[in-house]
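Q: Sharing start-v1.csv below, CSV, C-alpha atoms:
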chain,number,residue,atom,x,y,z
A,1,MET,CA,86.4,104.9,98.6
A,2,THR,CA,89.6,106.7,97.8
A,3,PHE,CA,88.4,109.8,99.7
A,4,LYS,CA,87.6,107.6,102.8
A,5,ILE,CA,91.0,106.0,102.7
A,6,ILE,CA,92.9,109.4,102.5
A,7,LEU,CA,90.6,110.7,105.2
A,8,ALA,CA,91.6,107.8,107.5
A,9,VAL,CA,95.3,108.6,107.0
A,10,VAL,CA,94.9,112.3,107.5
A,11,LEU,CA,92.7,111.8,110.6
A,12,GLY,CA,95.4,109.5,112.0
A,13,THR,CA,98.1,112.1,111.3
A,14,VAL,CA,96.2,114.9,113.0
A,15,VAL,CA,95.5,112.6,116.0
A,16,GLY,CA,99.2,111.6,115.9
A,17,PHE,CA,100.2,115.2,116.7
A,18,PHE,CA,98.6,114.9,120.1
A,19,VAL,CA,99.6,111.4,121.0
A,20,PRO,CA,102.7,111.0,123.3
A,21,SER,CA,105.7,109.6,121.4
A,22,GLN,CA,106.1,106.8,124.0
A,23,TRP,CA,103.1,105.2,122.4
A,24,TYR,CA,105.0,104.8,119.1
A,25,ASP,CA,106.1,101.2,119.9
A,26,ALA,CA,102.5,100.3,120.7
A,27,THR,CA,101.4,101.2,117.2
A,28,ASP,CA,104.0,98.7,115.9
A,29,ILE,CA,102.2,95.9,117.8
A,30,LEU,CA,98.8,97.2,116.6
A,31,LEU,CA,100.0,97.3,113.0
A,32,THR,CA,101.3,93.7,113.2
A,33,ILE,CA,98.1,92.4,114.8
A,34,GLY,CA,95.9,94.3,112.3
A,35,LEU,CA,98.0,93.1,109.3
A,36,CYS,CA,97.8,89.5,110.5
A,37,LEU,CA,94.0,89.7,110.8
A,38,LEU,CA,93.7,91.5,107.5
A,39,LEU,CA,95.8,88.9,105.6
A,40,PHE,CA,93.8,86.1,107.2
A,41,PHE,CA,90.6,87.7,105.9
A,42,VAL,CA,92.1,88.4,102.5
A,43,GLY,CA,93.1,84.7,102.4
A,44,ILE,CA,89.6,83.6,103.2
A,45,ASP,CA,88.3,86.0,100.4
A,46,ILE,CA,90.8,84.5,97.9
A,47,GLY,CA,89.9,80.9,99.0
A,48,LYS,CA,86.2,81.5,98.3
A,49,ASN,CA,87.1,81.3,94.6
A,50,LYS,CA,87.3,77.5,94.0
A,51,ASN,CA,89.3,77.9,90.9
A,52,VAL,CA,92.2,79.5,92.8
A,53,LEU,CA,94.9,76.9,91.9
A,54,GLN,CA,94.0,77.0,88.3
A,55,ASP,CA,94.3,80.8,88.6
A,56,ILE,CA,97.9,80.6,90.0
A,57,LYS,CA,98.8,78.3,87.1
A,58,ARG,CA,97.2,80.7,84.7
A,59,THR,CA,99.3,83.6,86.0
A,60,GLY,CA,102.3,81.7,84.6
A,61,ALA,CA,105.0,84.0,83.3
A,62,LEU,CA,103.3,87.0,84.9
A,63,PHE,CA,104.6,85.7,88.2
A,64,PHE,CA,108.0,87.0,87.1
A,65,ILE,CA,107.1,89.7,84.5
A,66,VAL,CA,105.1,91.9,86.9
A,67,PRO,CA,107.7,92.3,89.7
A,68,ILE,CA,110.5,92.7,87.2
A,69,GLY,CA,108.5,95.5,85.5
A,70,VAL,CA,107.7,97.2,88.8
A,71,ALA,CA,111.4,97.1,89.9
A,72,VAL,CA,112.8,98.3,86.6
A,73,GLY,CA,110.1,101.0,86.2
A,74,SER,CA,110.8,102.3,89.8
A,75,LEU,CA,114.5,102.5,89.1
A,76,ILE,CA,114.1,104.3,85.8
A,77,GLY,CA,111.6,106.7,87.4
A,78,ALA,CA,113.8,107.4,90.4
A,79,ILE,CA,117.1,107.8,88.4
A,80,ALA,CA,115.3,110.1,85.9
A,81,VAL,CA,113.9,112.4,88.6
A,82,GLY,CA,117.2,112.2,90.6
A,83,TYR,CA,119.1,113.3,87.6
A,84,LEU,CA,116.8,116.4,87.2
A,85,LEU,CA,117.1,117.2,90.9
A,86,GLY,CA,120.9,116.7,90.9
A,87,TYR,CA,121.2,113.5,92.9
A,88,PRO,CA,124.0,111.0,92.1
A,89,LEU,CA,122.9,107.9,90.2
A,90,ASN,CA,123.6,105.5,93.1
A,91,GLU,CA,121.6,107.6,95.6
A,92,SER,CA,118.5,108.0,93.4
A,93,GLY,CA,118.8,104.2,92.5
A,94,ALA,CA,118.8,103.4,96.3
A,95,ILE,CA,115.6,105.6,96.7
A,96,GLY,CA,113.9,103.8,93.8
A,97,SER,CA,115.0,100.4,95.3
A,98,GLY,CA,112.8,101.1,98.3
A,99,LEU,CA,109.9,99.9,96.2
A,100,GLY,CA,107.4,101.4,98.7
A,101,TRP,CA,108.8,99.6,101.8
A,102,TYR,CA,109.6,102.8,103.7
A,103,THR,CA,110.7,101.4,107.0
A,104,LEU,CA,113.3,98.9,105.7
A,105,SER,CA,114.7,101.1,103.0
A,106,SER,CA,115.3,104.1,105.3
A,107,ILE,CA,116.9,101.9,107.9
A,108,ILE,CA,119.3,100.4,105.3
A,109,ILE,CA,120.2,103.8,104.0
A,110,ALA,CA,120.6,105.4,107.5
A,111,PRO,CA,124.3,104.5,108.0
A,112,TYR,CA,125.1,106.0,104.5
A,113,SER,CA,123.4,109.4,105.0
A,114,SER,CA,120.7,110.5,107.4
A,115,GLU,CA,119.3,113.0,104.9
A,116,LEU,CA,119.0,110.4,102.2
A,117,SER,CA,117.4,108.0,104.7
A,118,VAL,CA,114.7,110.6,105.5
A,119,LEU,CA,114.2,111.1,101.7
A,120,ALA,CA,113.8,107.4,101.3
A,121,PHE,CA,111.3,107.2,104.1
A,122,LEU,CA,109.2,110.1,102.8
A,123,THR,CA,109.4,109.0,99.2
A,124,ASN,CA,108.1,105.5,100.0
A,125,VAL,CA,105.4,106.8,102.5
A,126,MET,CA,104.3,109.1,99.6
A,127,ARG,CA,104.4,106.2,97.2
A,128,GLU,CA,102.0,104.2,99.4
A,129,VAL,CA,99.7,107.2,99.7
A,130,PHE,CA,99.8,107.6,95.8
A,131,ALA,CA,99.2,103.9,95.4
A,132,ILE,CA,96.2,104.0,97.7
A,133,ALA,CA,94.7,106.9,95.7
A,134,LEU,CA,95.7,105.6,92.3
A,135,ILE,CA,95.0,101.9,92.4
A,136,PRO,CA,91.2,102.2,91.9
A,137,ILE,CA,91.7,104.7,89.1
A,138,ILE,CA,94.4,102.6,87.3
A,139,ALA,CA,92.3,99.4,87.7
A,140,THR,CA,89.4,101.0,85.8
A,141,ARG,CA,91.3,103.2,83.3
A,142,ILE,CA,94.4,101.2,82.4
A,143,GLY,CA,94.1,97.6,83.6
A,144,PHE,CA,93.9,95.2,86.6
A,145,ILE,CA,97.6,94.0,86.5
A,146,GLU,CA,99.0,97.6,86.1
A,147,ALA,CA,97.1,98.5,89.3
A,148,ILE,CA,99.6,96.3,91.2
A,149,ALA,CA,102.5,98.4,90.0
A,150,PRO,CA,102.2,101.6,92.2
A,151,ALA,CA,101.9,99.4,95.3
A,152,GLY,CA,105.4,97.9,95.0
A,153,ALA,CA,106.4,95.8,98.0
A,154,THR,CA,103.2,96.7,99.8
A,155,ALA,CA,101.2,94.8,97.1
A,156,MET,CA,101.4,91.8,99.5
A,157,ASP,CA,100.1,93.5,102.7
A,158,THR,CA,98.8,97.1,103.2
A,159,THR,CA,97.6,97.8,99.7
A,160,LEU,CA,96.5,94.2,98.9
A,161,PRO,CA,93.0,94.7,100.1
A,162,ILE,CA,92.6,97.8,98.0
A,163,ILE,CA,93.9,95.8,94.9
A,164,SER,CA,91.7,92.9,95.8
A,165,ARG,CA,88.6,95.1,96.1
A,166,ASN,CA,89.2,96.9,92.9
A,167,THR,CA,90.3,94.1,90.6
A,168,SER,CA,89.8,90.3,90.5
A,169,SER,CA,90.8,87.4,92.8
A,170,GLU,CA,93.3,86.3,90.2
A,171,THR,CA,94.9,89.8,90.3
A,172,ALA,CA,94.9,89.6,94.1
A,173,ILE,CA,97.0,86.4,93.9
A,174,LEU,CA,99.4,88.0,91.4
A,175,SER,CA,99.5,91.0,93.7
A,176,PHE,CA,100.6,89.0,96.7
A,177,SER,CA,103.3,87.1,94.7
A,178,THR,CA,104.5,90.4,93.2
A,179,GLY,CA,104.8,92.0,96.7
A,180,LEU,CA,106.6,89.0,98.0
A,181,ILE,CA,109.2,89.0,95.3
A,182,LEU,CA,109.7,92.8,95.6
A,183,SER,CA,110.0,92.5,99.4
A,184,ILE,CA,112.8,90.1,98.9
A,185,LEU,CA,114.4,92.5,96.4
A,186,VAL,CA,114.5,95.6,98.7
A,187,PRO,CA,117.2,94.4,101.1
A,188,ILE,CA,119.2,93.2,98.1
A,189,LEU,CA,118.9,96.2,95.7
A,190,VAL,CA,119.2,99.1,98.2
A,191,PRO,CA,122.7,98.1,99.6
A,192,LEU,CA,123.7,97.1,96.0
A,193,PHE,CA,123.4,100.8,95.0
A,194,LEU,CA,125.1,102.3,98.1
A,195,PHE,CA,127.7,100.0,99.5
A,196,ARG,CA,129.9,98.6,96.8
B,1,MET,CA,111.8,88.1,106.7
B,2,SER,CA,110.0,86.4,109.6
B,3,SER,CA,107.1,88.8,109.2
B,4,ILE,CA,106.9,88.0,105.5
B,5,LEU,CA,106.7,84.3,106.4
B,6,LEU,CA,104.0,85.0,109.0
B,7,TYR,CA,101.9,87.0,106.5
B,8,LEU,CA,102.3,84.4,103.8
B,9,SER,CA,101.3,81.5,106.2
B,10,LEU,CA,98.2,83.4,107.4
B,11,LEU,CA,97.1,84.1,103.9
B,12,ILE,CA,97.6,80.4,102.9
B,13,VAL,CA,95.8,79.2,106.1
B,14,GLY,CA,92.9,81.6,105.5
B,15,GLY,CA,92.8,80.6,101.9
B,16,LEU,CA,92.9,76.8,102.6
B,17,LEU,CA,90.3,77.0,105.4
B,18,SER,CA,87.9,78.8,103.1
B,19,TYR,CA,88.7,76.7,100.1
B,20,LYS,CA,87.9,73.6,102.1
B,21,GLY,CA,84.6,75.2,103.3
B,22,LEU,CA,85.8,75.2,107.0
B,23,ILE,CA,84.9,78.8,107.7
B,24,HIS,CA,81.5,79.5,109.4
B,25,THR,CA,79.0,81.0,107.0
B,26,GLN,CA,78.3,84.0,109.3
B,27,LEU,CA,82.0,84.9,109.2
B,28,MET,CA,82.1,84.2,105.4
B,29,ASN,CA,79.2,86.6,104.9
B,30,ARG,CA,80.9,89.4,106.9
B,31,ILE,CA,84.3,89.0,105.3
B,32,ASP,CA,84.1,92.1,103.2
B,33,LYS,CA,83.1,94.3,106.2
B,34,LEU,CA,85.8,92.8,108.3
B,35,GLN,CA,88.4,93.5,105.6
B,36,LEU,CA,87.3,97.1,105.4
B,37,ALA,CA,87.3,97.6,109.2
B,38,CYS,CA,90.9,96.2,109.4
B,39,LEU,CA,92.0,98.3,106.4
B,40,PHE,CA,90.7,101.6,107.9
B,41,ALA,CA,92.1,100.8,111.3
B,42,LEU,CA,95.5,100.1,109.7
B,43,LEU,CA,95.4,103.3,107.6
B,44,PHE,CA,94.5,105.3,110.8
B,45,ILE,CA,97.5,103.8,112.6
B,46,MET,CA,99.7,104.5,109.6
B,47,GLY,CA,98.6,108.2,109.8
B,48,LEU,CA,99.1,108.2,113.6
B,49,ARG,CA,102.7,107.1,113.1
B,50,ILE,CA,103.3,109.8,110.6
B,51,GLY,CA,101.8,112.4,113.0
B,52,MET,CA,103.8,111.1,116.0
B,53,ASP,CA,107.2,110.9,114.3
B,54,ASP,CA,109.0,114.3,114.6
B,55,ARG,CA,111.6,113.1,112.1
B,56,VAL,CA,109.0,112.7,109.4
B,57,LEU,CA,107.3,116.0,110.2
B,58,LYS,CA,110.5,118.1,110.2
B,59,ALA,CA,111.7,116.3,107.0
B,60,PHE,CA,108.4,117.1,105.3
B,61,ALA,CA,109.2,120.8,105.4
B,62,GLN,CA,112.8,120.2,104.2
B,63,ILE,CA,112.7,117.5,101.5
B,64,GLY,CA,109.0,116.8,101.1
B,65,PHE,CA,108.9,118.2,97.7
B,66,HIS,CA,111.7,116.0,96.4
B,67,ALA,CA,110.0,113.0,98.0
B,68,ILE,CA,106.7,113.7,96.2
B,69,LEU,CA,108.6,113.9,92.9
B,70,PHE,CA,110.5,110.7,93.6
B,71,ALA,CA,107.3,108.9,94.6
B,72,LEU,CA,105.4,110.2,91.6
B,73,PHE,CA,108.1,109.2,89.1
B,74,THR,CA,108.6,105.7,90.6
B,75,VAL,CA,104.9,105.1,90.4
B,76,ILE,CA,104.7,106.4,86.7
B,77,GLY,CA,107.8,104.3,85.8
B,78,SER,CA,106.4,101.1,87.4
B,79,VAL,CA,103.0,101.4,85.8
B,80,GLY,CA,104.6,102.3,82.4
B,81,VAL,CA,107.1,99.4,82.3
B,82,VAL,CA,104.6,96.9,83.5
B,83,HIS,CA,102.1,98.1,80.9
B,84,LEU,CA,104.8,97.9,78.2
B,85,LEU,CA,105.9,94.4,79.3
B,86,LEU,CA,102.3,93.2,79.3
B,87,LYS,CA,101.9,94.5,75.8
B,88,ILE,CA,105.0,92.6,74.6
B,89,PHE,CA,103.9,89.5,76.5
B,90,LYS,CA,100.4,89.5,75.1
B,91,LYS,CA,101.8,90.1,71.6
B,92,LYS,CA,104.2,87.2,71.9
B,93,ARG,CA,101.6,84.9,73.4
B,94,GLY,CA,99.2,86.0,70.6
B,95,ALA,CA,101.9,85.1,68.0
B,96,ALA,CA,102.6,81.8,69.7
B,97,ASN,CA,98.9,81.0,69.6
B,98,ASP,CA,98.8,81.8,65.9
B,99,LEU,CA,101.5,79.1,65.1
Could you show the structure in this file as structure tokens?
A:
Amino acid sequence: MTFKIILAVVLGTVVGFFVPSQWYDATDILLTIGLCLLLFFVGIDIGKNKNVLQDIKRTGALFFIVPIGVAVGSLIGAIAVGYLLGYPLNESGAIGSGLGWYTLSSIIIAPYSSELSVLAFLTNVMREVFAIALIPIIATRIGFIEAIAPAGATAMDTTLPIISRNTSSETAILSFSTGLILSILVPILVPLFLFR
Amino acid sequence: MSSILLYLSLLIVGGLLSYKGLIHTQLMNRIDKLQLACLFALLFIMGLRIGMDDRVLKAFAQIGFHAILFALFTVIGSVGVVHLLLKIFKKKRGAANDL
């Protein structure tokens, strides 16, 4: 599964070299339509489980614990590696605050520094690639809930089906709520680090 | 924000329709395959965008290495802290159940 996923991205990248850049906007529309369809199907899949409401109630405190853990862990990781590479604390904090949402974080950072903006873009693209590759492994080796962590904000859309397939429907619900909370945090945290 | 609301509402509508048994059985039986088809199409488009964007390709040579390290450490940090919090949470819940 992981190999097929990576193959799809690599194949897309290779084809992308030869596609005229005017078509870039069209991919935006395709992504939105694809995501809408996908989320509708994921919803149907979750709804198949008749105990879904009890499941949400059962997630209880995890509804807050998981996104807080993901955000704090991302910041610690980014600040630690930023320190080793010689980045100021506020810049590495802003990179970590992207939480996997590469388009938004790089756009917010762009007025501050274009180089940092590209770093944010690439870091969060790479994070999504790592998440896609690692979710199945983390789900089997460490735990279902921990498998949500690498996804960050994408836990509610692009990586949700991967989490849903490799864990349980209860984890998929927690994944969506985690992604939702993290998506709200990105536009708050990134500017907080850079523009004070 | 509007896209988040759109995604959330589609997820809820899909969930409610299937919960109430309003989805045709033929669609219900193919839901796994449909999810996979959408996923691979989206991943291909994601790759396409990476390949089409000169900014990303040029940047890959310049600061790609730093990006890989940042990505790796944020992933490790997230998994580590969530794992730790879950351990504390389970311990506390276990202690509360003992009372």
Q: Work out how far apart atom CA of Phe41 of chain A and atom CA of Arg127 of chain A are and give it in Å to one decimal.
A: 24.7 Å
Q: With 6 Å as the limit and counting all atoms listed in the file, what residues in chain B lie close to chain A? Please list them as a PyMOL selection string.
A: chain B and resi 10-11+14-15+18-19+35+38+43-44+47-48+50-52+67+70-71+73-75+77-79+81-82
Q: In Å, rounded to a single decimal, give me how far atom CA of Thr154 of chain A is from atom CA of Trp101 of chain A.
A: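 Computing the Euclidean distance for atom CA of Trp101 of chain A and atom CA of Thr154 of chain A yields 6.6 Å.
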Q: Please report the interatomic distance between atom CA of Ser164 of chain A and atom CA of Asp32 of chain B in Å with one decimal.
A: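 Here the two named atoms are 10.6 Å from each other.
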Q: Go through A:Thr178, A:Asn90, A:Asn166, A:Thr171 and flag the residue nearest Arg141 of chain A, using all atoms listed in the file for the distances.
A: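 Checking each of A:Thr178, A:Asn90, A:Asn166, A:Thr171 against Arg141 of chain A, counting all atoms listed in the file, the winner is A:Asn166.
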Q: Using only C-alpha atoms for the distances, tell me which of A:Arg58, A:Leu194, A:Ala133, A:Ile163 is nearest to Ser175 of chain A.
A: A:Ile163
